[in-house]
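**Q** Before we start, here is the structure in question, set down as structure tokens.
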Amino acid sequence: MSIETISLSGRKKVVSNKEMTFLERLYLVAIFKGLVITIKHFFRRKKTIHYPEQVRVRSDVYRGQHQLKRDEQGRENCTACGLCALSCPAEAITMKAEERKANEKHLYREEKYASIYEINMLRCIFCGLCEEACPKDAIYLTTSKVLVPSSYEREDFIFGKDKLVMPLDVAMKNAQLKNAN
Amino acid sequence: MDSTFIIEKSVVILVVFAVTMIMAMYSTWAERKVAAYLQDRVGPNRAGWGGLLQPLADGMKLFSKEEFIPNTPNKFLFVVGPAIAMSTALMTSAVIPWGDKLHLFGRDILLQATDINIGLLYFFGVVSVGVYGIMIGGWASNSKFSLMGAVRAASQMVSYEIAMGLSMIALLMMTGSLSLREISMQQAEMNWNVFYQPLSFLIFLICAFAETNRTPFDLAECETELVGGYHTEYSSMKMGFYLFAEYANMFISATIISVLFFGGYNYPGMQWMVENAGVNPANVLGMVVLFAKICFFIFFYMWVRWTIPRFRYDQLMHLGWKILIPLSIINIMITGVVMLRGEIAAYLGF
Ligand code: SF4
Ligand code: SF4
């Protein structure tokens with residue numbers, strides 16, 4: 001077989017530049033064929049997912065909204081080591097570290113904690129590298145289907161600890177479940 | 001002229017006006033829906049049930065937009081352009097017979113604003129004035145894109161009007177009348193002209209696409225090359241007028257096609273209905289039938305728009321001058337020969 005006739009994809013078509021016949025030049029036959037094709041699509045089932053009412057089925061490994069975890073006693077895991085910020089390819093994470101006071105032992109697990117922890121959701125690409133980098137099991141990307149809500153202000157897209165930290169009651173419930181098992 | 005006559009005509013005119021407006025309004029909705037369905041989407045469905053309030057939302061948006069007038073030496077003409085486009089689009093509906101007649105309050109009410117005996121000529125005249133709206137608007141915009149659009153629109157309409165007129169002549173040779181009412185009446189039962197003049201219908205249909213500036217002949221607007229064509233510089237309701245005029249034109253040309261070739265308000269068994277069910281029900285059904293035909297053609301316009309791409313300019317001119325005009329002349333000759341076949345046979349001595 002010569003190289004000209006080989007078709008690796010099996011779909012090779014030779015372009016022909018032959019003169020059109022009179023019937024073809026009237027375009028009517030081609031137009032009619034086109035009309036048949038489009039009217040078939042008219043009666044097809046529509047592919048649209050009606051978004052706010054219907055949410056698309058997501059993959060099992062879907063990476064959604066971040067969450068800063070608490071341990072079984074409801075203390076924050078994060079120790080503000082900054083490894084997540086370092087690993088983040090989009091440079092979306094910033095934080096400020098603070099030393100834990102004696103009376104804050106029930107709030108933070110480690111001696112150092114993040115007093116400010118912010119993720120810029122406009123920068124984040126939901127790659128999950130922060131989750132992989134964290135040595136303290138503190139940050140996870142959840143399977144939450146809630147997307148970042150739209151807003152007119154840039155500031156609204158910078159999520160602080162108020163939005164990121166896992167709610168206390170959820171942490172307690174998790175702990176209970178764990179004990180029950 | 002008695003006062004009841006004036007009242008009767010005013011009511012008919014008002015109703016026709018309102019119906020044209022509503023049809024144009026809902027054509028915009030239908031256009032989006034049809035486009036969406038042909039592309040496996042669902043189209044507007046948020047404003048009202050099935051998006052039925054979408055035209056109102058659009059209208060409100062257009063009204064509340066800033067009225068922008070470009071720095072042009074012809075501010076007056078700039079405003080006149082859309083006005084002409086709109087009024088000519090609405091004027092054509094005057095001669096269309098929407099039904100035969102209704103018998104109300106002891107009077108026979110003709111379902112037509114006016115039955116002039118040159119109805120078809122009037123229609124052609126008003127439609128060709130419509131191009132002035134586009135030309136004046138495009139020229140007064142003081143913009144290259146608008147001017148290009150206007151020039152294209154003008155040359156396209158002039159060339160396709162010839163083929164359109166010629167295709168009509170073959171039909172008129174058969175009907176012998178220019179009155180749209182009479183043409184409708186001749187097509188009673190299933191005597192539709194399209195069966196006698198298929199070629200004439202085809203040419204008329206193609207030219208109607210060109211006259212209403214619809215795809216595949218929408219070179220006057222042509223977003224890909226000319227931004228928005230002749231209405232590039234328009235905003236707010238002036239732009240709305242142009243868009244509205246386009247849809248009103250579409251409605252009217254769908255109506256003309258139904259009246260000329262598809263029997264207008266006639267349906268098989270109309271005579272039987274008049275005798276058995278009375279004049280009014282028979283004619284109401286006639287109107288419904290006419291509207292069904294119109295809606296089909298409006299759908300057809302949209303169907304074609306979302307199926308085939310735009311013609312190139314030279315292809316457009318080639319089609320108009322070198323194919324459609326000769327074809328319609330041949331059609332005239334064939335019609336003539338068929339009509340005079342007896343005389344010709346006698347002359348040749350058969
Ligand atoms: S998911 Fe990726 S981009 Fe987003 S914060 Fe974590 S590391 Fe950065
Ligand atoms: S989230 Fe994890 S990696 Fe990031 S600062 Fe806290 S402990 Fe370190």
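Letters A, B, ... go to the chains of the structure tokens in the order shown; residues in each chain start at 1; ligands are counted from 1 in the same order.
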List as a count of residues only the protein and nucleic acid residues near Tyr51 of chain A, meaning an atom at most 12 Å away when only C-alpha atoms are counted, but skip any in the same chain fewer than 3 places from it.
**A** 10
**Q** All residues within 10 Å of ligand 2 are required, counting only C-alpha atoms and all ligand atoms; please report them as a ChimeraX atom specification.
**A** /A:67-69,76-88,93-97,110,112-114,117,129-140
**Q** Could you write out as a PDB file with N, CA, C and O atoms, in the first residue's frame the residues of chain A within 10 Å of chain B, counting only C-alpha atoms?
**A**
```pdb
ATOM      1  N   ARG A  25     -25.931  23.247  -8.381  1.00  0.00           N
ATOM      2  CA  ARG A  25     -25.746  24.695  -8.334  1.00  0.00           C
ATOM      3  C   ARG A  25     -27.032  25.418  -7.931  1.00  0.00           C
ATOM      4  O   ARG A  25     -27.002  26.562  -7.510  1.00  0.00           O
ATOM      5  N   LEU A  26     -28.154  24.754  -8.074  1.00  0.00           N
ATOM      6  CA  LEU A  26     -29.411  25.362  -7.605  1.00  0.00           C
ATOM      7  C   LEU A  26     -29.495  25.326  -6.082  1.00  0.00           C
ATOM      8  O   LEU A  26     -30.333  26.000  -5.498  1.00  0.00           O
ATOM      9  N   ALA A  30     -29.484  20.321  -1.703  1.00  0.00           N
ATOM     10  CA  ALA A  30     -28.663  20.395  -0.491  1.00  0.00           C
ATOM     11  C   ALA A  30     -29.441  21.060   0.631  1.00  0.00           C
ATOM     12  O   ALA A  30     -29.391  20.626   1.791  1.00  0.00           O
ATOM     13  N   ILE A  31     -30.171  22.122   0.287  1.00  0.00           N
ATOM     14  CA  ILE A  31     -30.945  22.819   1.313  1.00  0.00           C
ATOM     15  C   ILE A  31     -31.999  21.897   1.889  1.00  0.00           C
ATOM     16  O   ILE A  31     -32.207  21.837   3.101  1.00  0.00           O
ATOM     17  N   PHE A  32     -32.632  21.122   1.013  1.00  0.00           N
ATOM     18  CA  PHE A  32     -33.663  20.214   1.500  1.00  0.00           C
ATOM     19  C   PHE A  32     -33.072  19.179   2.458  1.00  0.00           C
ATOM     20  O   PHE A  32     -33.635  18.895   3.511  1.00  0.00           O
ATOM     21  N   LYS A  33     -31.883  18.643   2.091  1.00  0.00           N
ATOM     22  CA  LYS A  33     -31.237  17.678   2.976  1.00  0.00           C
ATOM     23  C   LYS A  33     -30.947  18.307   4.327  1.00  0.00           C
ATOM     24  O   LYS A  33     -31.165  17.687   5.374  1.00  0.00           O
ATOM     25  N   GLY A  34     -30.451  19.537   4.277  1.00  0.00           N
ATOM     26  CA  GLY A  34     -30.140  20.239   5.526  1.00  0.00           C
ATOM     27  C   GLY A  34     -31.377  20.410   6.376  1.00  0.00           C
ATOM     28  O   GLY A  34     -31.354  20.214   7.592  1.00  0.00           O
ATOM     29  N   LEU A  35     -32.492  20.769   5.730  1.00  0.00           N
ATOM     30  CA  LEU A  35     -33.735  20.976   6.483  1.00  0.00           C
ATOM     31  C   LEU A  35     -34.171  19.690   7.173  1.00  0.00           C
ATOM     32  O   LEU A  35     -34.645  19.720   8.305  1.00  0.00           O
ATOM     33  N   VAL A  36     -33.977  18.559   6.472  1.00  0.00           N
ATOM     34  CA  VAL A  36     -34.362  17.287   7.083  1.00  0.00           C
ATOM     35  C   VAL A  36     -33.509  17.029   8.327  1.00  0.00           C
ATOM     36  O   VAL A  36     -34.018  16.616   9.371  1.00  0.00           O
ATOM     37  N   ILE A  37     -32.214  17.324   8.209  1.00  0.00           N
ATOM     38  CA  ILE A  37     -31.328  17.082   9.358  1.00  0.00           C
ATOM     39  C   ILE A  37     -31.763  17.941  10.547  1.00  0.00           C
ATOM     40  O   ILE A  37     -31.911  17.446  11.666  1.00  0.00           O
ATOM     41  N   THR A  38     -32.013  19.224  10.302  1.00  0.00           N
ATOM     42  CA  THR A  38     -32.340  20.081  11.444  1.00  0.00           C
ATOM     43  C   THR A  38     -33.688  19.722  12.050  1.00  0.00           C
ATOM     44  O   THR A  38     -33.842  19.791  13.262  1.00  0.00           O
ATOM     45  N   ILE A  39     -34.654  19.314  11.217  1.00  0.00           N
ATOM     46  CA  ILE A  39     -35.965  19.020  11.804  1.00  0.00           C
ATOM     47  C   ILE A  39     -35.889  17.757  12.647  1.00  0.00           C
ATOM     48  O   ILE A  39     -36.626  17.605  13.618  1.00  0.00           O
ATOM     49  N   LYS A  40     -34.953  16.861  12.323  1.00  0.00           N
ATOM     50  CA  LYS A  40     -34.766  15.696  13.175  1.00  0.00           C
ATOM     51  C   LYS A  40     -34.290  16.138  14.551  1.00  0.00           C
ATOM     52  O   LYS A  40     -34.731  15.613  15.570  1.00  0.00           O
ATOM     53  N   HIS A  41     -33.407  17.116  14.558  1.00  0.00           N
ATOM     54  CA  HIS A  41     -32.917  17.605  15.848  1.00  0.00           C
ATOM     55  C   HIS A  41     -34.022  18.298  16.634  1.00  0.00           C
ATOM     56  O   HIS A  41     -33.998  18.316  17.854  1.00  0.00           O
ATOM     57  N   PHE A  42     -34.987  18.877  15.918  1.00  0.00           N
ATOM     58  CA  PHE A  42     -36.095  19.577  16.582  1.00  0.00           C
ATOM     59  C   PHE A  42     -36.816  18.637  17.537  1.00  0.00           C
ATOM     60  O   PHE A  42     -37.243  19.027  18.613  1.00  0.00           O
ATOM     61  N   PHE A  43     -36.950  17.358  17.144  1.00  0.00           N
ATOM     62  CA  PHE A  43     -37.721  16.424  17.967  1.00  0.00           C
ATOM     63  C   PHE A  43     -36.849  15.562  18.876  1.00  0.00           C
ATOM     64  O   PHE A  43     -37.346  14.697  19.553  1.00  0.00           O
ATOM     65  N   ARG A  44     -35.543  15.793  18.837  1.00  0.00           N
ATOM     66  CA  ARG A  44     -34.663  15.023  19.728  1.00  0.00           C
ATOM     67  C   ARG A  44     -34.889  15.419  21.170  1.00  0.00           C
ATOM     68  O   ARG A  44     -35.392  16.497  21.466  1.00  0.00           O
ATOM     69  N   ARG A  45     -34.432  14.536  22.084  1.00  0.00           N
ATOM     70  CA  ARG A  45     -34.479  14.945  23.479  1.00  0.00           C
ATOM     71  C   ARG A  45     -33.424  16.004  23.726  1.00  0.00           C
ATOM     72  O   ARG A  45     -32.327  15.936  23.197  1.00  0.00           O
ATOM     73  N   LYS A  46     -33.763  17.008  24.537  1.00  0.00           N
ATOM     74  CA  LYS A  46     -32.838  18.123  24.730  1.00  0.00           C
ATOM     75  C   LYS A  46     -31.784  17.762  25.772  1.00  0.00           C
ATOM     76  O   LYS A  46     -32.084  17.127  26.776  1.00  0.00           O
ATOM     77  N   LYS A  47     -30.585  18.227  25.522  1.00  0.00           N
ATOM     78  CA  LYS A  47     -29.479  17.865  26.399  1.00  0.00           C
ATOM     79  C   LYS A  47     -29.364  18.801  27.596  1.00  0.00           C
ATOM     80  O   LYS A  47     -28.602  18.538  28.516  1.00  0.00           O
ATOM     81  N   THR A  48     -30.092  19.901  27.560  1.00  0.00           N
ATOM     82  CA  THR A  48     -29.912  20.937  28.572  1.00  0.00           C
ATOM     83  C   THR A  48     -30.176  20.415  29.978  1.00  0.00           C
ATOM     84  O   THR A  48     -31.153  19.704  30.209  1.00  0.00           O
ATOM     85  N   ILE A  49     -29.321  20.798  30.918  1.00  0.00           N
ATOM     86  CA  ILE A  49     -29.590  20.539  32.330  1.00  0.00           C
ATOM     87  C   ILE A  49     -30.076  21.857  32.911  1.00  0.00           C
ATOM     88  O   ILE A  49     -29.381  22.863  32.837  1.00  0.00           O
ATOM     89  N   HIS A  50     -31.291  21.853  33.454  1.00  0.00           N
ATOM     90  CA  HIS A  50     -31.858  23.113  33.959  1.00  0.00           C
ATOM     91  C   HIS A  50     -31.187  23.441  35.276  1.00  0.00           C
ATOM     92  O   HIS A  50     -31.629  22.994  36.316  1.00  0.00           O
TER      93      HIS A  50
END
```
**Q** Neighbouring residues of Thr88 of chain B were defined as those with any atom within 12 Å, considering only C-alpha atoms; residues of the same chain fewer than 2 positions away were excluded. Please report them as number ranges by chain.
**A** B: 81-86, 90-94, 122-134, 241-242, 244-246, 248-249, 252
**Q** Given the selection you just returned, output its residues as a file containing N, CA and C atoms, formatted as a tab-separated table (two decimals), in the first residue's frame.
**A**
```tsv
chain	number	residue	atom	x	y	z
B	81	GLY	N	-35.51	56.98	9.75
B	81	GLY	CA	-35.24	55.63	9.21
B	81	GLY	C	-36.08	54.55	9.84
B	82	PRO	N	-35.95	54.34	11.16
B	82	PRO	CA	-36.75	53.28	11.78
B	82	PRO	C	-38.24	53.51	11.66
B	83	ALA	N	-38.66	54.80	11.64
B	83	ALA	CA	-40.08	55.09	11.54
B	83	ALA	C	-40.62	54.59	10.20
B	84	ILE	N	-39.86	54.83	9.13
B	84	ILE	CA	-40.31	54.36	7.81
B	84	ILE	C	-40.37	52.84	7.78
B	85	ALA	N	-39.30	52.23	8.31
B	85	ALA	CA	-39.27	50.76	8.29
B	85	ALA	C	-40.49	50.20	8.99
B	86	MET	N	-40.81	50.78	10.13
B	86	MET	CA	-41.92	50.27	10.92
B	86	MET	C	-43.25	50.52	10.22
B	90	LEU	N	-46.12	47.83	8.73
B	90	LEU	CA	-47.49	47.69	9.22
B	90	LEU	C	-48.53	48.00	8.15
B	91	MET	N	-48.14	48.82	7.15
B	91	MET	CA	-49.12	49.25	6.13
B	91	MET	C	-49.56	48.11	5.23
B	92	THR	N	-48.65	47.17	4.98
B	92	THR	CA	-48.97	46.12	4.01
B	92	THR	C	-50.16	45.28	4.43
B	93	SER	N	-50.41	45.19	5.74
B	93	SER	CA	-51.48	44.30	6.17
B	93	SER	C	-52.87	44.83	5.78
B	94	ALA	N	-52.94	46.05	5.23
B	94	ALA	CA	-54.24	46.65	4.93
B	94	ALA	C	-55.01	45.88	3.88
B	122	TYR	N	-50.29	47.22	-4.66
B	122	TYR	CA	-50.11	48.02	-3.45
B	122	TYR	C	-49.09	47.36	-2.54
B	123	PHE	N	-49.23	46.05	-2.39
B	123	PHE	CA	-48.30	45.31	-1.54
B	123	PHE	C	-46.87	45.48	-2.04
B	124	PHE	N	-46.68	45.28	-3.36
B	124	PHE	CA	-45.32	45.41	-3.89
B	124	PHE	C	-44.79	46.81	-3.70
B	125	GLY	N	-45.66	47.79	-3.93
B	125	GLY	CA	-45.25	49.19	-3.78
B	125	GLY	C	-44.77	49.47	-2.37
B	126	VAL	N	-45.58	49.09	-1.39
B	126	VAL	CA	-45.24	49.41	0.00
B	126	VAL	C	-43.97	48.67	0.42
B	127	VAL	N	-43.86	47.42	-0.02
B	127	VAL	CA	-42.66	46.66	0.36
B	127	VAL	C	-41.41	47.33	-0.19
B	128	SER	N	-41.51	47.85	-1.44
B	128	SER	CA	-40.29	48.46	-1.96
B	128	SER	C	-40.00	49.79	-1.30
B	129	VAL	N	-41.00	50.45	-0.76
B	129	VAL	CA	-40.71	51.66	0.02
B	129	VAL	C	-39.96	51.28	1.29
B	130	GLY	N	-40.23	50.06	1.79
B	130	GLY	CA	-39.59	49.61	3.02
B	130	GLY	C	-38.08	49.70	2.99
B	131	VAL	N	-37.49	49.54	1.79
B	131	VAL	CA	-36.04	49.58	1.71
B	131	VAL	C	-35.51	50.98	2.03
B	132	TYR	N	-36.37	51.99	1.86
B	132	TYR	CA	-35.93	53.35	2.21
B	132	TYR	C	-35.63	53.46	3.69
B	133	GLY	N	-36.42	52.79	4.49
B	133	GLY	CA	-36.18	52.83	5.93
B	133	GLY	C	-34.77	52.36	6.24
B	134	ILE	N	-34.38	51.26	5.59
B	134	ILE	CA	-33.04	50.71	5.82
B	134	ILE	C	-31.98	51.64	5.25
B	241	PHE	N	-37.43	49.09	16.83
B	241	PHE	CA	-38.31	49.30	15.68
B	241	PHE	C	-37.79	48.53	14.47
B	242	TYR	N	-36.49	48.59	14.24
B	242	TYR	CA	-35.94	47.86	13.10
B	242	TYR	C	-36.17	46.37	13.26
B	244	PHE	N	-38.35	44.89	15.08
B	244	PHE	CA	-39.79	44.65	15.04
B	244	PHE	C	-40.29	44.67	13.60
B	245	ALA	N	-39.78	45.64	12.83
B	245	ALA	CA	-40.20	45.75	11.44
B	245	ALA	C	-39.81	44.49	10.69
B	246	GLU	N	-38.65	43.95	11.00
B	246	GLU	CA	-38.21	42.75	10.32
B	246	GLU	C	-39.18	41.60	10.59
B	248	ALA	N	-42.31	41.90	11.62
B	248	ALA	CA	-43.61	42.20	11.04
B	248	ALA	C	-43.59	41.88	9.55
B	249	ASN	N	-42.47	42.21	8.89
B	249	ASN	CA	-42.34	41.90	7.46
B	249	ASN	C	-42.42	40.41	7.22
B	252	ILE	N	-45.97	39.39	7.41
B	252	ILE	CA	-46.73	39.78	6.24
B	252	ILE	C	-46.37	38.91	5.05
```
**Q** If you run DSSP over the backbone, which residues in segment 33-145 of chain A end up helix (DSSP H, G or I)? Put them as a PyMOL selection string.
**A** chain A and resi 33-42+83-87+102-104+129-133
**Q** Suppose we keep C-alpha atoms; can you now write the selection as an mmCIF file, in the first residue's frame?
**A**
```
data_model
loop_
_atom_site.group_PDB
_atom_site.id
_atom_site.type_symbol
_atom_site.label_atom_id
_atom_site.label_comp_id
_atom_site.auth_asym_id
_atom_site.auth_seq_id
_atom_site.Cartn_x
_atom_site.Cartn_y
_atom_site.Cartn_z
ATOM 1 C CA LYS A 33 -31.237 17.678 2.976
ATOM 2 C CA GLY A 34 -30.140 20.239 5.526
ATOM 3 C CA LEU A 35 -33.735 20.976 6.483
ATOM 4 C CA VAL A 36 -34.362 17.287 7.083
ATOM 5 C CA ILE A 37 -31.328 17.082 9.358
ATOM 6 C CA THR A 38 -32.340 20.081 11.444
ATOM 7 C CA ILE A 39 -35.965 19.020 11.804
ATOM 8 C CA LYS A 40 -34.766 15.696 13.175
ATOM 9 C CA HIS A 41 -32.917 17.605 15.848
ATOM 10 C CA PHE A 42 -36.095 19.577 16.582
ATOM 11 C CA LEU A 83 2.731 24.294 53.154
ATOM 12 C CA CYS A 84 -0.628 24.560 51.441
ATOM 13 C CA ALA A 85 0.125 28.123 50.387
ATOM 14 C CA LEU A 86 3.513 27.011 49.131
ATOM 15 C CA SER A 87 2.103 24.126 47.109
ATOM 16 C CA ALA A 102 -3.084 28.887 77.463
ATOM 17 C CA ASN A 103 -6.817 29.476 77.588
ATOM 18 C CA GLU A 104 -7.254 28.576 73.909
ATOM 19 C CA LEU A 129 -2.679 20.244 45.856
ATOM 20 C CA CYS A 130 -3.266 22.060 49.150
ATOM 21 C CA GLU A 131 -5.054 18.995 50.407
ATOM 22 C CA GLU A 132 -2.132 16.796 49.406
ATOM 23 C CA ALA A 133 0.437 19.106 50.955
#
```
**Q** Atom CA of Thr175 of chain B and atom CA of Phe201 of chain B are how many Å apart?
**A**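 Distance reported for this atom pair: 14.2 Å.
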**Q** Which polymer residues have any atom within 8 Å of an atom of Leu102 of chain B, counting only C-alpha atoms, with same-chain residues fewer than 2 positions away left out, as a PyMOL selection string?
**A** chain B and resi 100+104+108-111+279-280+283
**Q** Those same residues, written as an mmCIF file, in the first residue's frame with C-alpha atoms?
**A**
```cif
data_model
loop_
_atom_site.group_PDB
_atom_site.id
_atom_site.type_symbol
_atom_site.label_atom_id
_atom_site.label_comp_id
_atom_site.auth_asym_id
_atom_site.auth_seq_id
_atom_site.Cartn_x
_atom_site.Cartn_y
_atom_site.Cartn_z
ATOM 1 C CA ASP B 100 -64.428 36.122 3.886
ATOM 2 C CA LEU B 104 -72.696 40.609 12.972
ATOM 3 C CA ASP B 108 -71.863 41.780 6.596
ATOM 4 C CA ILE B 109 -68.422 42.695 7.839
ATOM 5 C CA LEU B 110 -65.620 42.109 5.369
ATOM 6 C CA LEU B 111 -62.598 40.757 7.208
ATOM 7 C CA VAL B 279 -71.518 32.075 8.035
ATOM 8 C CA ASN B 280 -69.802 33.019 11.277
ATOM 9 C CA ASN B 283 -65.368 32.075 8.620
#
```
**Q** Extract, using only C-alpha atoms, all DNA, RNA and protein residues at most 12 Å from Thr224 of chain B, discarding same-chain residues fewer than 6 positions from it, and format them as a count of residues only.
**A** 5
**Q** Which residue is closest to ligand 1? Choose from A:Gly74, A:Pro89, A:Pro149, A:Gly160 and count only C-alpha atoms and all ligand atoms.
**A**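 Of all the options, A:Pro89 lies closest to ligand 1.
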**Q** Quick one: distance from atom CA of Glu66 of chain B to atom CA of Gly240 of chain B in Å, one decimal?
**A** 12.4 Å
**Q** From the DSSP assignment of the backbone, select every residue of chain A that is strand (DSSP E or B), and format the answer as an MDAnalysis selection string.
**A** chainID A and resid 66:68 70 76 93:99 108 112:120 139:141 158:159 165
**Q** With distances taken over only C-alpha atoms and all ligand atoms, which of A:Glu53, A:Glu91, A:Glu72, A:Asp169 is nearest to ligand 1?
**A** A:Glu91
**Q** My list of candidates is A:Glu111, A:Asp162, A:Glu98, A:Glu118. Which is closest to ligand 1 when distances are computed with only C-alpha atoms and all ligand atoms?
**A** A:Glu118
**Q** Under the rule that only C-alpha atoms are counted, which of A:Lys13, A:Arg58, A:Lys18, A:His106 is the nearest residue to Thr143 of chain A?
**A**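 Of A:Lys13, A:Arg58, A:Lys18, A:His106, the one nearest Thr143 of chain A is A:Arg58, counting only C-alpha atoms.
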**Q** Write out as an mmCIF file with N, CA and C atoms, in the first residue's frame the residues lying within 12 Å of Ala282 of chain B, counting only C-alpha atoms and excluding same-chain residues fewer than 2 positions away.
**A**
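This went into result.cif:
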```
data_model
loop_
_atom_site.group_PDB
_atom_site.id
_atom_site.type_symbol
_atom_site.label_atom_id
_atom_site.label_comp_id
_atom_site.auth_asym_id
_atom_site.auth_seq_id
_atom_site.Cartn_x
_atom_site.Cartn_y
_atom_site.Cartn_z
ATOM 1 N N GLY B 99 -60.325 36.824 6.166
ATOM 2 C CA GLY B 99 -61.392 35.829 6.094
ATOM 3 C C GLY B 99 -62.405 36.365 5.107
ATOM 4 N N ASP B 100 -63.455 35.633 4.862
ATOM 5 C CA ASP B 100 -64.428 36.122 3.886
ATOM 6 C C ASP B 100 -65.245 37.253 4.500
ATOM 7 N N LYS B 101 -66.225 36.920 5.329
ATOM 8 C CA LYS B 101 -66.997 37.957 5.995
ATOM 9 C C LYS B 101 -67.662 37.372 7.230
ATOM 10 N N LEU B 102 -67.939 38.267 8.182
ATOM 11 C CA LEU B 102 -68.693 37.850 9.357
ATOM 12 C C LEU B 102 -70.052 38.522 9.290
ATOM 13 N N HIS B 103 -71.063 37.859 9.828
ATOM 14 C CA HIS B 103 -72.385 38.463 9.847
ATOM 15 C C HIS B 103 -72.712 38.845 11.290
ATOM 16 N N TYR B 265 -57.761 31.901 3.288
ATOM 17 C CA TYR B 265 -58.611 31.394 4.369
ATOM 18 C C TYR B 265 -59.426 30.166 3.955
ATOM 19 N N ASN B 266 -59.237 29.700 2.726
ATOM 20 C CA ASN B 266 -60.049 28.561 2.267
ATOM 21 C C ASN B 266 -59.570 27.257 2.863
ATOM 22 N N TYR B 267 -60.515 26.411 3.138
ATOM 23 C CA TYR B 267 -60.170 25.050 3.545
ATOM 24 C C TYR B 267 -61.181 24.119 2.917
ATOM 25 N N PRO B 268 -60.786 22.862 2.691
ATOM 26 C CA PRO B 268 -61.745 21.962 2.050
ATOM 27 C C PRO B 268 -63.019 21.828 2.890
ATOM 28 N N GLY B 269 -64.145 21.976 2.257
ATOM 29 C CA GLY B 269 -65.409 21.845 2.984
ATOM 30 C C GLY B 269 -65.927 23.149 3.535
ATOM 31 N N MET B 270 -65.357 24.290 3.074
ATOM 32 C CA MET B 270 -65.808 25.569 3.604
ATOM 33 C C MET B 270 -67.248 25.855 3.175
ATOM 34 N N GLN B 271 -67.543 25.522 1.908
ATOM 35 C CA GLN B 271 -68.893 25.769 1.402
ATOM 36 C C GLN B 271 -69.922 24.985 2.226
ATOM 37 N N TRP B 272 -69.569 23.748 2.535
ATOM 38 C CA TRP B 272 -70.431 22.882 3.327
ATOM 39 C C TRP B 272 -70.653 23.486 4.705
ATOM 40 N N MET B 273 -69.570 24.025 5.304
ATOM 41 C CA MET B 273 -69.666 24.657 6.620
ATOM 42 C C MET B 273 -70.608 25.851 6.577
ATOM 43 N N VAL B 274 -70.472 26.682 5.511
ATOM 44 C CA VAL B 274 -71.319 27.874 5.415
ATOM 45 C C VAL B 274 -72.778 27.462 5.382
ATOM 46 N N GLU B 275 -73.082 26.389 4.624
ATOM 47 C CA GLU B 275 -74.477 25.978 4.498
ATOM 48 C C GLU B 275 -75.009 25.328 5.777
ATOM 49 N N ASN B 276 -74.157 24.551 6.439
ATOM 50 C CA ASN B 276 -74.651 23.761 7.570
ATOM 51 C C ASN B 276 -74.454 24.414 8.927
ATOM 52 N N ALA B 277 -73.345 25.169 9.090
ATOM 53 C CA ALA B 277 -73.060 25.724 10.418
ATOM 54 C C ALA B 277 -73.250 27.233 10.464
ATOM 55 N N GLY B 278 -73.546 27.838 9.343
ATOM 56 C CA GLY B 278 -73.713 29.286 9.344
ATOM 57 C C GLY B 278 -72.456 29.997 8.903
ATOM 58 N N VAL B 279 -72.624 31.297 8.604
ATOM 59 C CA VAL B 279 -71.518 32.075 8.035
ATOM 60 C C VAL B 279 -70.413 32.277 9.062
ATOM 61 N N ASN B 280 -70.818 32.631 10.299
ATOM 62 C CA ASN B 280 -69.802 33.019 11.277
ATOM 63 C C ASN B 280 -68.840 31.898 11.647
ATOM 64 N N VAL B 284 -64.852 31.958 10.976
ATOM 65 C CA VAL B 284 -63.892 31.940 12.087
ATOM 66 C C VAL B 284 -62.902 30.807 11.869
ATOM 67 N N LEU B 285 -63.440 29.653 11.455
ATOM 68 C CA LEU B 285 -62.564 28.527 11.162
ATOM 69 C C LEU B 285 -61.609 28.896 10.028
ATOM 70 N N GLY B 286 -62.139 29.641 9.052
ATOM 71 C CA GLY B 286 -61.294 30.096 7.938
ATOM 72 C C GLY B 286 -60.120 30.913 8.425
ATOM 73 N N MET B 287 -60.396 31.834 9.366
ATOM 74 C CA MET B 287 -59.316 32.657 9.908
ATOM 75 C C MET B 287 -58.292 31.788 10.617
ATOM 76 N N VAL B 288 -58.809 30.824 11.379
ATOM 77 C CA VAL B 288 -57.891 29.929 12.106
ATOM 78 C C VAL B 288 -57.008 29.186 11.118
ATOM 79 N N VAL B 289 -57.645 28.725 10.019
ATOM 80 C CA VAL B 289 -56.882 27.996 9.012
ATOM 81 C C VAL B 289 -55.806 28.895 8.412
#
```
**Q** Find the residues near Asp71 of chain A: any atom within 8 Å, counting only C-alpha atoms, skip ones fewer than 6 places away on the same chain, and give them as a list of chain:residue names.
**A** A:Asn77, A:Arg109, A:Ala171, A:Ala175
